[in-house]
$ cat final_3.txt   # compact mmCIF, C-alpha atoms and all ligand atoms
# COMPACT_ATOMS: atom_id res chain seq x y z
CA MET A 1 5.91 9.68 -3.08
CA THR A 2 9.50 8.74 -2.51
CA VAL A 3 12.72 10.63 -3.08
CA GLU A 4 15.83 8.47 -3.22
CA THR A 5 18.87 10.62 -2.53
CA GLU A 6 22.37 9.49 -1.78
CA SER A 7 23.83 11.42 1.11
CA ASN A 8 27.27 10.17 1.94
CA SER A 9 26.57 6.54 2.53
CA ILE A 10 23.00 6.92 3.86
CA ASN A 11 20.21 6.31 1.34
CA VAL A 12 17.10 8.35 2.14
CA ALA A 13 13.59 7.18 1.25
CA ILE A 14 10.91 9.78 2.01
CA PHE A 15 7.20 9.00 2.17
CA SER A 16 4.25 11.38 2.52
CA THR A 17 2.89 9.73 5.66
CA ALA A 18 4.06 7.74 8.66
CA GLU A 19 1.87 4.84 7.51
CA GLU A 20 3.53 4.67 4.08
CA ALA A 21 7.01 4.88 5.66
CA SER A 22 6.08 2.15 8.15
CA ARG A 23 4.76 -0.09 5.37
CA GLU A 24 8.05 0.39 3.50
CA VAL A 25 9.99 -0.79 6.56
CA ALA A 26 7.72 -3.84 6.84
CA ARG A 27 8.37 -4.61 3.16
CA ARG A 28 12.14 -4.36 3.69
CA ILE A 29 12.05 -6.64 6.75
CA ALA A 30 9.85 -9.19 4.93
CA GLY A 31 12.22 -9.00 1.97
CA ALA A 32 15.19 -9.87 4.17
CA VAL A 33 13.29 -12.82 5.69
CA ASN A 34 12.20 -14.09 2.27
CA ARG A 35 15.78 -13.80 0.96
CA ARG A 36 17.09 -15.73 3.98
CA PRO A 37 14.32 -17.64 5.83
CA ASP A 38 16.80 -18.85 8.48
CA GLY A 39 18.40 -15.42 8.78
CA VAL A 40 18.84 -13.01 11.67
CA LEU A 41 16.85 -9.80 12.32
CA GLY A 42 17.90 -7.01 14.70
CA LEU A 43 14.77 -5.37 16.11
CA ALA A 44 13.95 -2.09 17.86
CA THR A 45 11.39 -0.82 20.36
CA GLY A 46 9.89 2.57 21.17
CA GLY A 47 6.88 4.33 19.68
CA THR A 48 8.25 4.51 16.14
CA PRO A 49 8.27 0.84 15.04
CA VAL A 50 4.73 0.02 16.29
CA THR A 51 2.98 0.73 12.96
CA ALA A 52 5.74 -1.02 11.03
CA TYR A 53 5.24 -4.16 13.16
CA GLN A 54 1.49 -3.95 12.54
CA ALA A 55 2.15 -3.82 8.79
CA LEU A 56 4.53 -6.79 9.14
CA ILE A 57 1.83 -8.78 10.99
CA GLY A 58 -0.52 -7.94 8.11
CA MET A 59 2.00 -9.29 5.59
CA TYR A 60 2.38 -12.47 7.68
CA ARG A 61 -1.44 -12.92 7.82
CA ASP A 62 -1.54 -12.45 4.02
CA GLY A 63 0.97 -15.30 3.68
CA LYS A 64 3.68 -12.99 2.31
CA VAL A 65 6.34 -13.86 4.91
CA ASP A 66 7.21 -16.85 7.13
CA PHE A 67 9.11 -16.20 10.37
CA SER A 68 9.35 -19.80 11.56
CA ASN A 69 13.12 -20.18 11.01
CA ILE A 70 14.49 -16.72 11.77
CA ARG A 71 16.30 -15.56 14.86
CA THR A 72 15.83 -12.08 16.33
CA PHE A 73 18.03 -9.94 18.57
CA ASN A 74 16.70 -6.79 20.17
CA LEU A 75 18.84 -3.69 20.53
CA ASP A 76 18.34 -3.00 24.18
CA GLU A 77 16.54 -3.61 27.49
CA TYR A 78 16.09 -1.67 30.69
CA ILE A 79 18.07 -2.93 33.68
CA GLY A 80 15.93 -3.93 36.64
CA LEU A 81 12.66 -4.73 34.86
CA PRO A 82 11.51 -8.38 34.83
CA PRO A 83 10.67 -9.70 31.32
CA ASP A 84 6.94 -9.63 32.07
CA HIS A 85 6.99 -5.99 33.30
CA PRO A 86 4.57 -4.02 31.06
CA GLN A 87 7.35 -1.61 30.08
CA SER A 88 10.14 -4.11 29.52
CA PHE A 89 11.26 -4.34 25.90
CA ARG A 90 10.74 -8.12 26.00
CA HIS A 91 7.09 -7.50 26.89
CA PHE A 92 6.86 -4.81 24.20
CA MET A 93 8.14 -7.22 21.54
CA ASP A 94 5.85 -10.06 22.65
CA GLN A 95 2.83 -7.74 22.59
CA GLN A 96 3.67 -5.71 19.49
CA LEU A 97 5.01 -8.45 17.24
CA PHE A 98 6.09 -11.89 18.44
CA GLN A 99 2.71 -13.18 19.65
CA SER A 100 1.09 -12.27 16.30
CA ILE A 101 3.57 -14.00 13.94
CA ASN A 102 4.98 -17.54 13.72
CA VAL A 103 8.43 -16.76 15.09
CA ASP A 104 9.74 -19.41 17.52
CA PRO A 105 9.87 -17.65 20.92
CA GLU A 106 13.00 -19.69 21.75
CA ARG A 107 14.71 -17.95 18.82
CA THR A 108 13.94 -14.42 19.96
CA PHE A 109 16.60 -12.78 22.13
CA VAL A 110 16.48 -9.63 24.27
CA PRO A 111 19.29 -8.52 26.61
CA ASP A 112 18.72 -9.84 30.16
CA GLY A 113 17.64 -6.87 32.28
CA LEU A 114 17.80 -8.94 35.46
CA ALA A 115 21.26 -10.47 34.95
CA SER A 116 23.20 -10.68 38.22
CA ASP A 117 26.43 -10.34 36.23
CA VAL A 118 25.64 -7.70 33.58
CA ALA A 119 29.10 -7.72 32.00
CA GLN A 120 28.90 -11.49 31.52
CA ALA A 121 25.37 -11.22 30.08
CA CYS A 122 26.62 -8.57 27.63
CA SER A 123 29.56 -10.62 26.35
CA GLN A 124 27.26 -13.64 26.08
CA TYR A 125 24.84 -11.57 23.97
CA GLU A 126 27.66 -10.59 21.63
CA ALA A 127 28.69 -14.25 21.36
CA MET A 128 25.12 -15.32 20.54
CA ILE A 129 24.94 -12.76 17.72
CA ARG A 130 28.30 -13.97 16.37
CA ASP A 131 27.26 -17.63 16.67
CA ALA A 132 24.09 -16.80 14.72
CA GLY A 133 26.29 -15.53 11.89
CA GLY A 134 25.69 -11.82 12.53
CA ILE A 135 22.63 -9.71 11.80
CA ASP A 136 21.22 -9.58 8.25
CA LEU A 137 18.94 -6.59 8.74
CA GLN A 138 19.02 -4.26 11.76
CA LEU A 139 15.98 -2.03 12.35
CA LEU A 140 16.77 1.21 14.20
CA GLY A 141 14.88 4.19 15.55
CA ILE A 142 16.61 7.43 16.50
CA GLY A 143 16.45 9.44 19.70
CA HIS A 144 15.83 13.19 19.74
CA ASN A 145 19.48 13.59 20.76
CA GLY A 146 20.69 11.33 17.97
CA HIS A 147 21.03 8.21 20.11
CA ILE A 148 20.67 4.82 18.47
CA ALA A 149 19.51 1.96 20.68
CA PHE A 150 20.65 3.33 24.06
CA ASN A 151 23.97 4.61 22.76
CA GLU A 152 23.76 8.15 24.07
CA PRO A 153 25.88 11.04 22.76
CA GLY A 154 29.53 10.33 23.61
CA SER A 155 29.24 6.58 23.04
CA ALA A 156 32.37 5.19 21.39
CA ALA A 157 32.08 4.31 17.69
CA ASP A 158 33.50 0.85 18.45
CA SER A 159 31.40 0.23 21.56
CA ARG A 160 29.94 -3.22 22.15
CA THR A 161 26.94 -4.56 24.07
CA ARG A 162 27.23 -3.06 27.55
CA GLN A 163 25.50 -1.39 30.49
CA VAL A 164 24.81 2.33 29.99
CA ALA A 165 23.36 5.17 32.04
CA LEU A 166 20.40 6.90 30.40
CA THR A 167 20.49 10.67 29.94
CA ASP A 168 17.85 12.83 31.63
CA GLU A 169 16.45 13.65 28.17
CA THR A 170 16.02 9.97 27.32
CA ILE A 171 14.47 9.24 30.71
CA GLU A 172 12.01 12.11 30.19
CA ASN A 173 11.22 10.95 26.62
CA ASN A 174 10.56 7.39 27.81
CA ALA A 175 8.64 8.44 30.94
CA ARG A 176 5.47 8.61 28.81
CA PHE A 177 5.32 4.81 28.98
CA PHE A 178 5.55 4.70 32.80
CA GLU A 179 3.28 5.76 35.68
CA SER A 180 5.78 8.42 36.67
CA ILE A 181 9.26 9.53 35.69
CA ASP A 182 10.81 8.08 38.85
CA GLN A 183 9.70 4.62 37.69
CA VAL A 184 11.86 4.86 34.56
CA PRO A 185 15.01 2.75 34.98
CA ARG A 186 18.20 4.79 34.95
CA HIS A 187 20.33 2.10 33.32
CA ALA A 188 20.00 -0.22 30.38
CA ILE A 189 21.85 -2.85 28.38
CA THR A 190 22.37 -1.82 24.76
CA MET A 191 24.01 -3.23 21.69
CA GLY A 192 27.00 -1.01 20.98
CA ILE A 193 27.57 1.16 17.93
CA GLY A 194 30.30 -1.25 16.85
CA THR A 195 27.83 -4.12 17.19
CA ILE A 196 25.18 -2.28 15.13
CA LEU A 197 27.66 -1.32 12.39
CA GLU A 198 28.44 -5.02 11.83
CA ALA A 199 24.89 -5.67 10.61
CA ARG A 200 24.87 -6.38 6.87
CA GLU A 201 21.95 -3.99 6.27
CA ILE A 202 20.54 -1.18 8.46
CA VAL A 203 17.08 0.34 8.11
CA LEU A 204 16.42 3.39 10.29
CA LEU A 205 12.81 4.54 10.65
CA ALA A 206 12.12 8.11 11.81
CA LEU A 207 8.69 9.72 11.94
CA GLY A 208 7.42 13.14 12.88
CA GLU A 209 8.69 16.70 13.25
CA GLY A 210 10.39 15.90 16.55
CA LYS A 211 13.02 13.78 14.78
CA ALA A 212 13.71 16.23 11.89
CA GLU A 213 16.75 17.82 13.53
CA ALA A 214 18.29 14.51 14.62
CA VAL A 215 17.76 13.14 11.09
CA ALA A 216 19.30 16.23 9.45
CA LYS A 217 22.38 15.98 11.69
CA MET A 218 22.61 12.25 10.92
CA VAL A 219 22.59 12.85 7.17
CA HIS A 220 24.34 16.21 6.81
CA GLY A 221 26.14 16.93 10.07
CA PRO A 222 29.68 16.09 11.14
CA ILE A 223 30.37 12.40 11.76
CA THR A 224 30.84 12.52 15.51
CA GLU A 225 30.28 10.41 18.61
CA GLN A 226 28.34 13.38 19.96
CA HIS A 227 25.62 12.44 17.47
CA PRO A 228 25.73 8.63 17.41
CA ALA A 229 23.36 8.33 14.41
CA SER A 230 25.94 10.20 12.29
CA LEU A 231 28.30 7.25 12.72
CA LEU A 232 25.94 5.25 10.52
CA ARG A 233 27.50 7.11 7.59
CA ARG A 234 30.48 4.78 8.04
CA HIS A 235 28.26 1.86 7.02
CA ARG A 236 27.87 0.96 3.36
CA ASN A 237 24.24 -0.16 3.44
CA VAL A 238 22.03 2.16 5.50
CA THR A 239 18.60 3.40 4.45
CA ALA A 240 16.76 6.06 6.42
CA VAL A 241 13.01 5.60 5.84
CA LEU A 242 11.28 8.86 6.74
CA ASP A 243 7.91 10.50 6.63
CA ALA A 244 7.76 14.05 5.25
CA ALA A 245 7.79 15.57 8.74
CA ALA A 246 10.98 13.80 9.82
CA ALA A 247 12.62 14.72 6.48
CA ARG A 248 11.73 18.40 6.72
CA ARG A 249 15.21 19.59 7.67
CA LEU A 250 17.05 17.66 4.97
CA ALA A 251 18.74 19.73 2.25
C1 LIG B 301 14.46 4.69 22.94
C2 LIG B 301 15.04 3.40 22.38
C3 LIG B 301 15.57 3.59 21.00
C4 LIG B 301 14.53 4.36 20.21
C5 LIG B 301 14.47 5.77 20.71
C6 LIG B 301 13.33 6.55 20.05
O1 LIG B 301 15.30 5.15 23.92
N1 LIG B 301 16.12 2.83 23.19
O2 LIG B 301 15.80 2.29 20.42
O3 LIG B 301 14.88 4.39 18.84
O4 LIG B 301 14.39 5.85 22.13
O5 LIG B 301 12.13 6.14 20.63
P1 LIG B 301 10.73 6.53 19.94
O6 LIG B 301 10.62 5.65 18.71
O7 LIG B 301 9.69 6.21 20.97
O8 LIG B 301 10.81 7.99 19.57
$ encode --input "final_3.txt" --output "structure tokens"
Amino acid sequence: MTVETESNSINVAIFSTAEEASREVARRIAGAVNRRPDGVLGLATGGTPVTAYQALIGMYRDGKVDFSNIRTFNLDEYIGLPPDHPQSFRHFMDQQLFQSINVDPERTFVPDGLASDVAQACSQYEAMIRDAGGIDLQLLGIGHNGHIAFNEPGSAADSRTRQVALTDETIENNARFFESIDQVPRHAITMGIGTILEAREIVLLALGEGKAEAVAKMVHGPITEQHPASLLRRHRNVTAVLDAAAARRLA
């Protein structure tokens, strides 16, 4: 079951279950790759995209999509974790997607969490995205507090890839992946909101009751830096793919 409603500039596609919503996201990503086999994907981490990546791997195994010529850029990475750390986003991507599809590992990029000069690593990341011709399709999740990537409330609408401090709420929400909360890094590198808004297409996946309020504020609330996801309404090609639980608070 899907309901396509236009809300400002965010299209909303609602599915009965998380699995159906995740399969829709996989279809959209595969569609972008098939339209432009040497194109550029922006990818996300966290609990939400896991099922979508599994569906994408299924489509690859069924011969429906070929990743051999694409480039990928991830939204963010913790500062201080080596790439092979079980909770680094590089490790997450290798485990959850890259090692199961035919993407060229040399063409997958994640911010460098161990950079000695973080500012330089951030401007280099921006340059790599530009040199790749920009991002064709950017996959996003959404934080309970409306953050996108690690752009926490208060992030500037024109912010670029940079070092950020994580809020206590985000640290607590991500602690579930670590042995203990004090092992969660306090800083990260994230693509900025300005960087994300330059993607030609944005697909935001939100699942579960816990995201319903953040989704409702994104779609119906004021457009404000206090709720970074609301800034997506300034983009002309955003689709929020939701399960019924995450869509519950939508008018
Ligand atoms: C993390 C990530 C975001 C993600 C969000 C939601 O902090 N930096 O990219 O969208 O939190 O995570 P989850 O999908 O686990 O709810």
$ closest_atom_pairs --input "final_3.txt" --of "chain A" --to "ligand LIG 301 (chain B)" --cutoff "9 Å" --atoms "all atoms listed in the file" --output "CSV"
residue,atom,partner,partner_atom,distance
A:Leu43,CA,B:LIG301,O2,8.8
A:Ala44,CA,B:LIG301,O2,5.4
A:Thr45,CA,B:LIG301,O2,5.4
A:Gly46,CA,B:LIG301,O7,3.7
A:Gly47,CA,B:LIG301,O7,3.6
A:Thr48,CA,B:LIG301,O6,3.7
A:Pro49,CA,B:LIG301,O6,6.5
A:Val50,CA,B:LIG301,O6,8.5
A:Leu75,CA,B:LIG301,O2,6.7
A:Asp76,CA,B:LIG301,N1,6.3
A:Glu77,CA,B:LIG301,N1,7.8
A:Tyr78,CA,B:LIG301,N1,8.7
A:Leu140,CA,B:LIG301,O3,5.9
A:Gly141,CA,B:LIG301,O3,3.3
A:Ile142,CA,B:LIG301,O3,4.2
A:Gly143,CA,B:LIG301,C6,4.3
A:His144,CA,B:LIG301,C6,7.1
A:Gly146,CA,B:LIG301,C5,8.8
A:His147,CA,B:LIG301,C5,7.0
A:Ile148,CA,B:LIG301,O3,5.8
A:Ala149,CA,B:LIG301,O2,3.7
A:Phe150,CA,B:LIG301,N1,4.6
A:Asn151,CA,B:LIG301,N1,8.1
A:Glu152,CA,B:LIG301,O1,9.0
A:Leu166,CA,B:LIG301,O1,8.4
A:Thr170,CA,B:LIG301,O1,5.9
A:Ile171,CA,B:LIG301,O1,8.0
A:Asn173,CA,B:LIG301,O4,7.5
A:Asn174,CA,B:LIG301,O1,6.5
A:Ala188,CA,B:LIG301,N1,8.7
A:Thr190,CA,B:LIG301,N1,7.9
A:Leu204,CA,B:LIG301,O3,8.7
A:Leu205,CA,B:LIG301,O6,8.4
A:Ala206,CA,B:LIG301,O6,7.5
A:Leu207,CA,B:LIG301,O8,8.1
A:Gly210,CA,B:LIG301,O8,8.5
A:Lys211,CA,B:LIG301,O8,7.8
$ residues_around --input "final_3.txt" --residues "Asn74 of chain A" --least-positions-apart "6" --cutoff "9 Å" --atoms "all atoms listed in the file" --output "MDAnalysis selection string"
chainID A and resid 41:45 89:90 93 108:111 190:191
$ closest_residue --input "final_3.txt" --among "A:Leu250, A:Ala245, A:Ile10, A:Met59" --to "Gly208 of chain A" --atoms "all atoms listed in the file"
A:Ala245
$ closest_atom_pairs --input "final_3.txt" --of "segment 166-205 of chain A" --to "segment 227-233 of chain A" --cutoff "10 Å" --atoms "only C-alpha atoms" --output "Markdown table"
| residue | atom | partner | partner_atom | distance |
| --- | --- | --- | --- | --- |
| A:Ile193 | CA | A:Pro228 | CA | 7.7 |
| A:Gly194 | CA | A:Leu231 | CA | 9.7 |
| A:Ile196 | CA | A:Leu232 | CA | 8.9 |
| A:Leu197 | CA | A:Leu232 | CA | 7.0 |
| A:Ile202 | CA | A:Leu232 | CA | 8.6 |
| A:Leu204 | CA | A:Ala229 | CA | 9.5 |
$ residues_around --input "final_3.txt" --residues "Gly133 of chain A" --least-positions-apart "5" --cutoff "10 Å" --atoms "only C-alpha atoms" --output "PyMOL selection string"
chain A and resi 39-40+127-128
$ residues_around --input "final_3.txt" --residues "Arg61 of chain A" --least-positions-apart "6" --cutoff "10 Å" --atoms "all atoms listed in the file" --output "ChimeraX atom specification"
/A:55,100-102
$ residues_around --input "final_3.txt" --residues "segment 177-186 of chain A" --least-positions-apart "5" --cutoff "9 Å" --atoms "all atoms listed in the file" --output "list in words"
Tyr78, Ile79, Gly80, Leu81, Pro86, Gln87, Val164, Ala165, Leu166, Thr167, Asp168, Ile171 and Glu172 of chain A
$ closest_residue --input "final_3.txt" --among "A:Ala247, A:Ala157, A:Ala121, A:Val241" --to "Ala13 of chain A" --atoms "only C-alpha atoms"
A:Val241
$ axis_aligned_box --input "final_3.txt" --around "segment 132-148 of chain A" --padding-each-side "8 Å" --output "AutoDock Vina command-line options"
--center_x 20.6 --center_y -1.6 --center_z 14.5 --size_x 27.4 --size_y 46.4 --size_z 28.5
$ build_atoms --input "final_3.txt" --residues "segment 213-224 of chain A" --atoms "all heavy atoms" --output "compact mmCIF listing (two decimals), in the coordinates of the input"
# COMPACT_ATOMS: atom_id res chain seq x y z
N GLU A 213 15.40 17.28 13.30
CA GLU A 213 16.75 17.82 13.53
C GLU A 213 17.76 16.68 13.68
O GLU A 213 18.84 16.69 13.07
CB GLU A 213 16.77 18.70 14.78
CG GLU A 213 18.14 19.36 15.00
CD GLU A 213 18.20 20.25 16.24
OE1 GLU A 213 17.15 20.44 16.89
OE2 GLU A 213 19.31 20.74 16.54
N ALA A 214 17.38 15.65 14.43
CA ALA A 214 18.29 14.51 14.62
C ALA A 214 18.60 13.85 13.28
O ALA A 214 19.72 13.43 13.00
CB ALA A 214 17.67 13.51 15.59
N VAL A 215 17.57 13.75 12.42
CA VAL A 215 17.76 13.14 11.09
C VAL A 215 18.68 14.01 10.22
O VAL A 215 19.61 13.51 9.57
CB VAL A 215 16.39 12.94 10.38
CG1 VAL A 215 16.56 12.66 8.90
CG2 VAL A 215 15.62 11.82 11.07
N ALA A 216 18.46 15.32 10.26
CA ALA A 216 19.30 16.23 9.45
C ALA A 216 20.76 16.14 9.89
O ALA A 216 21.68 16.05 9.06
CB ALA A 216 18.79 17.65 9.57
N LYS A 217 20.99 16.09 11.20
CA LYS A 217 22.38 15.98 11.69
C LYS A 217 22.98 14.63 11.30
O LYS A 217 24.17 14.52 10.99
CB LYS A 217 22.40 16.14 13.21
CG LYS A 217 22.22 17.57 13.68
CD LYS A 217 22.31 17.63 15.21
CE LYS A 217 22.17 19.07 15.73
NZ LYS A 217 22.07 19.05 17.22
N MET A 218 22.12 13.58 11.31
CA MET A 218 22.61 12.25 10.92
C MET A 218 23.10 12.26 9.48
O MET A 218 24.15 11.71 9.15
CB MET A 218 21.50 11.21 11.10
CG MET A 218 21.81 9.87 10.48
SD MET A 218 20.50 8.67 10.71
CE MET A 218 19.24 9.31 9.58
N VAL A 219 22.32 12.90 8.61
CA VAL A 219 22.59 12.85 7.17
C VAL A 219 23.61 13.90 6.74
O VAL A 219 24.46 13.64 5.89
CB VAL A 219 21.27 13.01 6.38
CG1 VAL A 219 21.53 13.13 4.88
CG2 VAL A 219 20.33 11.83 6.68
N HIS A 220 23.51 15.11 7.31
CA HIS A 220 24.34 16.21 6.81
C HIS A 220 25.41 16.68 7.80
O HIS A 220 26.34 17.39 7.41
CB HIS A 220 23.45 17.42 6.50
CG HIS A 220 22.45 17.20 5.42
ND1 HIS A 220 22.79 16.74 4.17
CD2 HIS A 220 21.10 17.36 5.41
CE1 HIS A 220 21.69 16.64 3.43
NE2 HIS A 220 20.65 17.00 4.15
N GLY A 221 25.26 16.35 9.06
CA GLY A 221 26.14 16.93 10.07
C GLY A 221 27.51 16.26 10.10
O GLY A 221 27.76 15.31 9.35
N PRO A 222 28.37 16.74 10.98
CA PRO A 222 29.68 16.09 11.14
C PRO A 222 29.51 14.66 11.64
O PRO A 222 28.54 14.36 12.35
CB PRO A 222 30.39 16.96 12.18
CG PRO A 222 29.34 17.77 12.85
CD PRO A 222 28.18 17.87 11.91
N ILE A 223 30.41 13.79 11.24
CA ILE A 223 30.37 12.40 11.76
C ILE A 223 31.08 12.43 13.10
O ILE A 223 32.30 12.60 13.17
CB ILE A 223 31.07 11.44 10.78
CG1 ILE A 223 30.29 11.40 9.45
CG2 ILE A 223 31.15 10.03 11.40
CD1 ILE A 223 30.90 10.48 8.40
N THR A 224 30.28 12.34 14.17
CA THR A 224 30.84 12.52 15.51
C THR A 224 30.13 11.64 16.54
O THR A 224 28.91 11.41 16.44
CB THR A 224 30.69 14.00 15.97
OG1 THR A 224 30.92 14.09 17.37
CG2 THR A 224 29.29 14.54 15.67
